[in-house]
$ cat input_9.txt   # compact mmCIF, C-alpha atoms
# COMPACT_ATOMS: atom_id res chain seq x y z
CA MET W 1 50.38 67.03 -37.72
CA HIS W 2 53.84 66.41 -36.25
CA THR W 3 55.20 64.01 -38.81
CA VAL W 4 58.81 63.99 -40.05
CA GLY W 5 57.66 65.45 -43.36
CA TYR W 6 55.96 68.43 -41.74
CA ARG W 7 58.94 69.14 -39.52
CA MET W 8 61.36 68.98 -42.44
CA ASN W 9 59.08 71.27 -44.42
CA ALA W 10 58.94 73.77 -41.56
CA VAL W 11 62.72 73.76 -41.08
CA LEU W 12 63.33 74.13 -44.82
CA THR W 13 60.85 77.00 -45.14
CA LEU W 14 62.34 78.79 -42.15
CA GLY W 15 65.87 78.29 -43.51
CA VAL W 16 65.02 79.64 -46.94
CA THR W 17 63.15 82.60 -45.46
CA ILE W 18 66.07 83.53 -43.20
CA LEU W 19 68.53 83.20 -46.10
CA ALA W 20 66.37 85.42 -48.29
CA LEU W 21 66.08 87.99 -45.49
CA ILE W 22 69.84 88.03 -44.93
CA CYS W 23 70.43 88.46 -48.71
CA ALA W 24 67.95 91.35 -48.83
CA MET W 25 69.56 93.00 -45.79
CA ALA W 26 73.06 92.60 -47.23
CA SER W 27 71.90 94.26 -50.44
CA LEU W 28 70.11 97.07 -48.58
CA ALA W 29 73.17 97.68 -46.41
CA ASP W 30 75.04 98.71 -49.58
CA ASN W 31 72.95 101.89 -49.65
CA LEU W 32 74.62 103.03 -46.42
CA ASN W 33 78.01 103.22 -48.12
CA LEU W 34 78.89 106.74 -49.23
CA PRO W 35 81.80 106.35 -51.64
CA SER W 36 84.30 109.07 -52.47
CA PRO W 37 85.97 107.94 -55.70
CA SER W 38 88.57 109.89 -57.62
CA ALA W 39 89.99 109.50 -61.11
CA HIS W 40 92.49 111.15 -63.40
CA VAL W 41 93.20 110.34 -67.04
CA GLN W 42 95.93 111.71 -69.24
CA VAL W 43 96.26 111.24 -72.99
CA LEU W 44 100.01 110.86 -73.41
CA ASN W 45 100.22 110.30 -77.13
CA ILE W 46 98.21 109.92 -80.34
CA ASN W 47 99.98 106.86 -81.74
CA TRP W 48 98.26 107.05 -85.10
CA PHE W 49 95.12 108.55 -86.56
CA GLN W 50 93.72 107.54 -89.90
CA LYS W 51 90.72 106.84 -92.07
CA GLN W 52 90.02 103.15 -92.57
CA PRO W 53 89.30 101.82 -96.08
CA ASN W 54 85.59 101.63 -95.13
CA GLY W 55 85.53 105.36 -94.41
CA ASN W 56 85.51 105.27 -90.61
CA ASP W 57 88.03 107.26 -88.62
CA GLU W 58 90.19 105.29 -86.21
CA VAL W 59 92.66 106.55 -83.64
CA SER W 60 95.10 104.87 -81.30
CA LEU W 61 95.89 106.52 -77.98
CA THR W 62 98.34 105.99 -75.17
CA LEU W 63 96.75 106.71 -71.81
CA ASN W 64 97.62 107.08 -68.18
CA VAL W 65 94.65 106.07 -66.04
CA SER W 66 94.79 106.57 -62.30
CA ALA W 67 91.88 106.12 -59.95
CA ASP W 68 91.01 105.34 -56.37
CA LEU W 69 87.84 103.28 -56.08
CA GLN W 70 88.64 101.70 -52.71
CA SER W 71 85.61 103.32 -51.11
CA MET W 72 83.32 101.37 -53.48
CA PHE W 73 84.05 98.13 -51.67
CA THR W 74 81.68 96.98 -48.94
CA TRP W 75 81.32 93.58 -47.34
CA ASN W 76 78.74 92.68 -50.01
CA THR W 77 81.02 93.56 -52.95
CA LYS W 78 82.23 90.72 -55.12
CA GLN W 79 84.09 92.84 -57.64
CA VAL W 80 84.10 96.22 -59.33
CA PHE W 81 84.15 96.39 -63.10
CA VAL W 82 85.80 99.59 -64.22
CA PHE W 83 86.09 100.95 -67.74
CA LEU W 84 87.12 104.09 -69.54
CA ALA W 85 84.92 105.30 -72.40
CA ALA W 86 85.39 108.07 -74.93
CA GLU W 87 82.10 109.94 -75.31
CA TYR W 88 81.36 112.51 -78.01
CA GLU W 89 78.63 113.88 -80.24
CA THR W 90 78.65 113.87 -84.03
CA PRO W 91 76.25 115.37 -86.61
CA GLN W 92 74.47 112.01 -87.07
CA ASN W 93 74.84 110.56 -83.58
CA ALA W 94 73.56 112.23 -80.43
CA LEU W 95 75.85 110.05 -78.37
CA ASN W 96 78.82 107.87 -79.14
CA GLN W 97 80.27 105.77 -76.32
CA VAL W 98 83.39 103.84 -77.17
CA SER W 99 84.98 101.73 -74.47
CA LEU W 100 88.76 102.12 -74.63
CA TRP W 101 89.98 100.14 -71.66
CA ASP W 102 88.45 98.03 -68.90
CA SER W 103 89.49 96.02 -65.90
CA ILE W 104 88.06 93.91 -63.13
CA LEU W 105 88.99 94.95 -59.61
CA PRO W 106 88.66 91.78 -57.52
CA SER W 107 89.35 93.39 -54.14
CA LYS W 108 89.95 96.61 -52.29
CA GLU W 109 93.73 96.19 -52.55
CA HIS W 110 93.51 96.47 -56.33
CA ALA W 111 91.13 99.41 -56.32
CA LYS W 112 93.80 102.12 -56.22
CA PHE W 113 95.74 101.92 -59.45
CA LEU W 114 97.83 103.74 -61.99
CA ILE W 115 97.88 102.16 -65.43
CA HIS W 116 99.87 103.06 -68.50
CA THR W 117 98.18 101.56 -71.55
CA THR W 118 97.19 101.93 -75.18
CA ASN W 119 93.49 101.60 -75.93
CA LYS W 120 92.44 97.96 -75.49
CA TYR W 121 89.42 98.25 -77.81
CA ARG W 122 89.47 100.06 -81.13
CA PHE W 123 88.55 103.72 -80.99
CA THR W 124 86.54 103.88 -84.21
CA ASP W 125 83.88 106.36 -85.26
CA GLN W 126 80.85 105.29 -87.30
CA GLU W 127 81.74 107.88 -89.93
CA SER W 128 84.60 110.26 -90.46
CA ASN W 129 84.04 112.84 -87.74
CA LEU W 130 87.04 112.48 -85.47
CA ARG W 131 89.35 115.16 -86.88
CA GLY W 132 89.56 118.02 -84.40
CA LYS W 133 86.83 116.37 -82.32
CA GLU W 134 86.49 117.35 -78.68
CA PHE W 135 85.58 114.37 -76.51
CA ASN W 136 85.00 113.40 -72.89
CA LEU W 137 86.74 110.56 -71.15
CA THR W 138 84.43 108.94 -68.64
CA LEU W 139 85.50 106.45 -66.03
CA HIS W 140 82.53 104.19 -65.34
CA TRP W 141 82.33 101.54 -62.67
CA HIS W 142 79.80 98.81 -62.04
CA VAL W 143 79.75 97.28 -58.59
CA MET W 144 78.83 93.61 -58.70
CA PRO W 145 77.50 92.47 -55.31
CA LYS W 146 77.81 89.07 -53.70
CA THR W 147 74.04 89.19 -53.78
CA GLY W 148 71.37 91.76 -54.56
CA LYS W 149 71.27 95.01 -56.46
CA MET W 150 74.05 96.17 -58.76
CA PHE W 151 75.33 99.72 -58.62
CA ALA W 152 76.92 101.90 -61.27
CA ASP W 153 78.36 105.39 -61.38
CA LYS W 154 80.91 107.45 -63.31
CA ILE W 155 83.30 110.37 -63.31
CA VAL W 156 83.25 112.52 -66.46
CA MET W 157 86.47 114.22 -67.50
CA THR W 158 86.08 116.86 -70.18
CA GLY W 159 88.27 118.80 -72.55
CA TYR W 160 90.17 116.22 -74.59
CA ASN W 161 90.85 116.96 -78.25
CA LEU W 162 91.87 114.94 -81.27
CA PRO W 163 94.26 116.50 -83.80
CA GLN W 164 93.00 118.33 -86.89
CA GLU W 165 94.95 116.12 -89.32
CA TYR W 166 95.49 112.37 -89.73
CA ARG W 167 98.90 111.14 -88.74
CA MET C 1 23.11 45.54 -43.90
CA GLY C 2 21.95 49.13 -43.72
CA TRP C 3 24.86 50.42 -41.65
CA ILE C 4 27.42 48.84 -44.05
CA GLY C 5 25.88 50.67 -46.97
CA GLU C 6 25.92 53.92 -44.95
CA THR C 7 29.58 53.51 -44.09
CA VAL C 8 30.52 52.77 -47.71
CA ASP C 9 28.60 55.82 -48.80
CA SER C 10 30.26 58.06 -46.22
CA ILE C 11 33.73 56.77 -47.19
CA LYS C 12 32.97 57.35 -50.84
CA SER C 13 31.73 60.88 -50.20
CA ILE C 14 34.79 61.70 -48.06
CA GLN C 15 37.14 60.46 -50.74
CA ILE C 16 35.48 62.49 -53.44
CA ARG C 17 35.66 65.60 -51.25
CA GLN C 18 39.30 64.88 -50.47
CA VAL C 19 40.22 64.38 -54.10
CA LEU C 20 38.42 67.60 -54.95
CA THR C 21 40.22 69.62 -52.25
CA GLN C 22 43.54 68.17 -53.35
CA ALA C 23 42.82 69.07 -56.96
CA VAL C 24 41.84 72.58 -55.93
CA SER C 25 44.93 73.10 -53.76
CA LEU C 26 47.16 71.77 -56.55
CA GLY C 27 45.46 74.17 -58.94
CA MET C 28 46.03 77.01 -56.45
CA ILE C 29 49.76 76.25 -56.31
CA VAL C 30 50.10 76.17 -60.09
CA THR C 31 48.03 79.29 -60.70
CA SER C 32 49.70 81.33 -57.95
CA ALA C 33 53.10 80.49 -59.45
CA LEU C 34 51.78 81.62 -62.82
CA ILE C 35 50.36 84.82 -61.31
CA ILE C 36 53.69 85.67 -59.66
CA TRP C 37 55.57 85.10 -62.94
CA LYS C 38 53.12 87.19 -64.98
CA ALA C 39 53.11 89.95 -62.35
CA LEU C 40 56.92 90.03 -62.50
CA MET C 41 56.68 90.32 -66.28
CA CYS C 42 54.37 93.33 -65.92
CA ILE C 43 56.52 95.04 -63.27
CA THR C 44 59.87 94.54 -64.98
CA GLY C 45 58.63 95.00 -68.55
CA SER C 46 60.81 92.10 -69.63
CA GLU C 47 59.43 88.96 -71.22
CA SER C 48 61.68 86.86 -68.98
CA PRO C 49 62.22 88.73 -65.69
CA VAL C 50 64.61 86.14 -64.31
CA VAL C 51 67.36 84.38 -66.24
CA VAL C 52 69.87 81.73 -65.28
CA VAL C 53 73.49 82.25 -66.32
CA LEU C 54 74.50 79.26 -68.45
CA SER C 55 78.02 80.10 -69.59
CA GLY C 56 81.19 81.30 -67.95
CA SER C 57 81.68 84.23 -70.31
CA MET C 58 80.98 86.80 -67.59
CA GLU C 59 83.19 85.22 -64.92
CA PRO C 60 84.21 86.06 -62.29
CA GLY C 61 81.19 88.35 -62.00
CA PHE C 62 78.53 85.85 -62.96
CA LYS C 63 79.14 82.15 -62.75
CA ARG C 64 77.15 79.32 -64.24
CA GLY C 65 74.06 78.75 -62.14
CA ASP C 66 73.69 82.31 -60.87
CA ILE C 67 70.38 84.10 -61.28
CA LEU C 68 69.93 87.55 -62.78
CA PHE C 69 66.91 89.81 -62.38
CA LEU C 70 66.13 91.76 -65.50
CA HIS C 71 64.45 95.08 -65.99
CA MET C 72 63.35 96.58 -69.27
CA SER C 73 62.52 100.27 -69.09
CA ASN C 74 62.46 102.89 -71.80
CA ASP C 75 65.71 104.35 -70.51
CA PRO C 76 68.34 104.42 -73.23
CA ILE C 77 70.95 101.67 -73.20
CA ARG C 78 74.39 102.86 -72.20
CA ALA C 79 77.90 101.42 -72.23
CA GLY C 80 78.76 99.26 -69.24
CA GLU C 81 75.28 97.88 -68.69
CA ILE C 82 74.84 94.14 -68.67
CA VAL C 83 72.13 93.25 -71.18
CA VAL C 84 70.42 90.04 -72.20
CA PHE C 85 70.01 89.81 -75.95
CA ASN C 86 68.69 87.47 -78.57
CA VAL C 87 70.55 87.01 -81.83
CA ASP C 88 68.55 85.98 -84.91
CA GLY C 89 69.13 82.28 -85.48
CA ARG C 90 70.14 81.52 -81.90
CA GLU C 91 67.68 80.08 -79.43
CA ILE C 92 69.45 80.81 -76.17
CA PRO C 93 69.72 84.44 -75.07
CA ILE C 94 73.17 85.76 -74.14
CA VAL C 95 74.11 87.87 -71.09
CA HIS C 96 76.99 90.24 -71.90
CA ARG C 97 78.19 93.78 -71.25
CA VAL C 98 77.72 96.71 -73.61
CA ILE C 99 81.06 98.20 -74.65
CA LYS C 100 80.07 100.54 -77.49
CA VAL C 101 76.95 102.63 -78.09
CA HIS C 102 76.13 104.84 -81.06
CA GLU C 103 72.79 106.61 -80.72
CA ARG C 104 71.26 108.40 -83.75
CA GLN C 105 70.56 112.10 -83.55
CA ASP C 106 67.17 112.11 -85.35
CA THR C 107 65.56 108.71 -84.73
CA GLY C 108 67.15 107.77 -81.42
CA GLU C 109 67.96 104.30 -82.76
CA VAL C 110 71.00 102.68 -81.22
CA ASP C 111 73.85 100.53 -82.45
CA ILE C 112 75.24 98.43 -79.62
CA LEU C 113 78.32 96.26 -79.37
CA THR C 114 78.67 93.77 -76.52
CA LYS C 115 81.42 91.67 -74.99
CA GLY C 116 81.65 89.06 -72.25
CA ASP C 117 83.93 90.16 -69.41
CA ASN C 118 85.75 86.85 -69.57
CA ASN C 119 85.97 86.69 -73.38
CA TYR C 120 89.00 87.91 -75.25
CA GLY C 121 87.22 89.61 -78.14
CA ASP C 122 83.90 91.34 -78.70
CA ASP C 123 80.69 89.53 -79.68
CA ARG C 124 80.68 90.11 -83.45
CA LEU C 125 81.53 86.42 -83.93
CA LEU C 126 78.39 85.47 -81.98
CA TYR C 127 76.09 87.77 -83.94
CA ALA C 128 74.29 86.67 -87.10
CA HIS C 129 76.48 86.43 -90.19
CA GLY C 130 77.51 89.91 -91.30
CA GLN C 131 75.85 91.62 -88.35
CA LEU C 132 78.02 94.34 -86.84
CA TRP C 133 75.70 95.88 -84.27
CA LEU C 134 72.79 94.95 -82.02
CA GLN C 135 69.67 97.09 -82.20
CA ARG C 136 67.14 97.90 -79.53
CA HIS C 137 64.79 95.07 -80.55
CA HIS C 138 67.48 92.45 -79.88
CA ILE C 139 67.68 93.47 -76.21
CA MET C 140 65.42 91.52 -73.83
CA GLY C 141 66.38 93.37 -70.67
CA ARG C 142 69.21 94.68 -68.55
CA ALA C 143 70.47 92.98 -65.43
CA VAL C 144 69.72 94.90 -62.23
CA GLY C 145 70.06 92.28 -59.50
CA PHE C 146 71.96 89.14 -58.75
CA LEU C 147 71.45 85.99 -56.69
CA PRO C 148 74.15 83.31 -56.61
CA TYR C 149 73.76 79.52 -57.03
CA VAL C 150 69.93 79.34 -57.10
CA GLY C 151 69.87 78.71 -60.86
CA TRP C 152 71.55 75.34 -60.39
CA VAL C 153 68.13 73.89 -59.64
CA THR C 154 66.95 74.58 -63.19
CA ILE C 155 70.28 73.63 -64.77
CA ILE C 156 70.22 70.23 -63.04
CA MET C 157 66.58 69.69 -63.96
CA THR C 158 67.12 70.47 -67.66
CA GLU C 159 70.31 68.44 -67.93
CA LYS C 160 69.16 65.46 -65.85
CA PRO C 161 65.45 65.15 -66.63
CA ILE C 162 65.22 61.98 -64.51
CA ILE C 163 65.68 64.11 -61.37
CA LYS C 164 62.85 66.36 -62.53
CA TYR C 165 60.50 63.38 -62.94
CA ILE C 166 61.47 61.92 -59.56
CA LEU C 167 60.84 65.30 -57.93
CA ILE C 168 57.48 65.78 -59.65
CA GLY C 169 56.50 62.20 -58.79
CA ALA C 170 57.46 62.62 -55.12
CA LEU C 171 55.57 65.90 -54.85
CA GLY C 172 52.54 64.35 -56.54
CA LEU C 173 52.60 61.39 -54.12
CA LEU C 174 52.87 63.79 -51.20
CA VAL C 175 49.84 65.74 -52.39
CA ILE C 176 47.78 62.57 -52.94
CA THR C 177 48.69 60.88 -49.63
CA SER C 178 48.60 63.95 -47.38
CA LYS C 179 45.45 64.51 -45.35
CA ASP C 180 44.83 67.87 -43.77
$ encode --input "input_9.txt" --output "structure tokens"
Amino acid sequence: MHTVGYRMNAVLTLGVTILALICAMASLADNLNLPSPSAHVQVLNINWFQKQPNGNDEVSLTLNVSADLQSMFTWNTKQVFVFLAAEYETPQNALNQVSLWDSILPSKEHAKFLIHTTNKYRFTDQESNLRGKEFNLTLHWHVMPKTGKMFADKIVMTGYNLPQEYR
Amino acid sequence: MGWIGETVDSIKSIQIRQVLTQAVSLGMIVTSALIIWKALMCITGSESPVVVVLSGSMEPGFKRGDILFLHMSNDPIRAGEIVVFNVDGREIPIVHRVIKVHERQDTGEVDILTKGDNNYGDDRLLYAHGQLWLQRHHIMGRAVGFLPYVGWVTIIMTEKPIIKYILIGALGLLVITSKD
């Protein structure tokens, strides 16, 4: 009964169980965090706006993105992935989500930022529906934990418009 | 002479019983593992509820050897979610983030574009030749949970099969020689 093998087995089992418990508790503790994020996005300029040869509208924007996501960080947070998406409805699509810009926030110190940028990914429609289109800009963030459950949330900012004519 | 025969018989009978119990307990271990896996499949709705990250394309979020728990519900797929998808003609599923979604008005079908956080460009180069979008049927599940390092066990075992055989052999020996 009390051989080396049994003792090693017992120690190993206990160790793994405790580790698993600590991981579960760390993940559960994330639920106690009540974040208060804020975000503000400004479209500074429409750099160009045209119809591609394949018939899809494409637009290039210059944006000011400012946000404070410091309250998202807990002791179980590895990083926060943040991205800005243009969201709009067209006659054929109930929802279009086009990511324009994203960033990885590795720590709390980087979580309050003001960024001046053009869109990192192409803002392209699937057809030619962008002229005069009203769209939302949504700041999404995905919290990646050191271990356990991942969280995601967003702030929707409404009332952005594209021009009536190509330029 | 009689007592020798009796002893031999009793030893023989004990050994048979022992072998049988060992076989049964080994069967129990294997089947319970199978039950847990299948139960997870039912609960998560994903054909592989747990995947091991094999590439560094999602670093620093997910590193090689980390484990992801997948969930496949009927909820629509949205930008920002980390999905596991299969591309026609590729055996190994890929874990990347959704960056564009176009959902049809009438049918509800979706066109999805993905990208690895650590990759420079989007995934169109990884898709099948001429494929611009992923559809719903390419998606195996979305990542909901994360456990670091544990996947190294399977990576080591697939890359160094000798370790797998040594481990299986040692466990088998343990089962055969143990008496309880």
$ interface_residues --input "input_9.txt" --of "chain W" --to "chain C" --cutoff "10 Å" --atoms "only C-alpha atoms" --output "number ranges by chain"
W: 1, 5, 20, 23, 27, 78-104, 106, 121, 123-126, 140-153
$ residues_around --input "input_9.txt" --residues "Thr117 in chain W" --least-positions-apart "3" --cutoff "9 Å" --atoms "all atoms listed in the file" --output "list in words"
Leu61, Thr62, Leu63, Asn64, Val65, Trp101 and Lys120 of chain W
$ atom_distance --input "input_9.txt" --atom1 "CA of Val175 in chain C" --atom2 "CA of Gly27 in chain C"
11.5 Å
$ atom_distance --input "input_9.txt" --atom1 "CA of Phe135 in chain W" --atom2 "CA of Thr158 in chain W"
6.8 Å
$ atom_distance --input "input_9.txt" --atom1 "CA of Lys63 in chain C" --atom2 "CA of Tyr149 in chain C"
8.3 Å
$ closest_residue --input "input_9.txt" --among "W:Ile18, W:Ala111, W:Leu130, W:Met72" --to "Lys51 in chain W" --atoms "only C-alpha atoms"
W:Leu130
$ closest_residue --input "input_9.txt" --among "W:Gly15, W:Pro163, W:Thr118, W:Leu137" --to "Val41 in chain W" --atoms "only C-alpha atoms"
W:Leu137
$ residues_around --input "input_9.txt" --residues "Ser38 in chain W" --least-positions-apart "4" --cutoff "12 Å" --atoms "only C-alpha atoms" --output "list of chain:residue names"
W:Val65, W:Ser66, W:Ala67, W:Asp68, W:Leu69, W:Gln70, W:Ser71, W:Met72, W:Ala111, W:Lys112, W:Phe113, W:Leu114, W:Thr138, W:Leu139, W:His140, W:Trp141, W:Asp153, W:Lys154, W:Ile155, W:Val156, W:Met157
$ decode --input "input_9.txt" --residues "range 79-91 of chain W" --atoms "C-alpha atoms" --output "CSV table (one decimal), in the first residue's frame"
chain,number,residue,atom,x,y,z
W,79,GLN,CA,-3.9,40.8,-22.8
W,80,VAL,CA,-6.8,42.7,-24.2
W,81,PHE,CA,-7.4,42.5,-28.0
W,82,VAL,CA,-9.2,45.7,-29.1
W,83,PHE,CA,-10.5,46.4,-32.5
W,84,LEU,CA,-12.7,49.0,-34.3
W,85,ALA,CA,-15.3,47.7,-36.7
W,86,ALA,CA,-17.6,49.5,-39.1
W,87,GLU,CA,-21.1,48.0,-38.9
W,88,TYR,CA,-23.9,48.7,-41.3
W,89,GLU,CA,-26.9,47.1,-43.1
W,90,THR,CA,-27.3,46.9,-46.8
W,91,PRO,CA,-30.3,45.6,-49.0
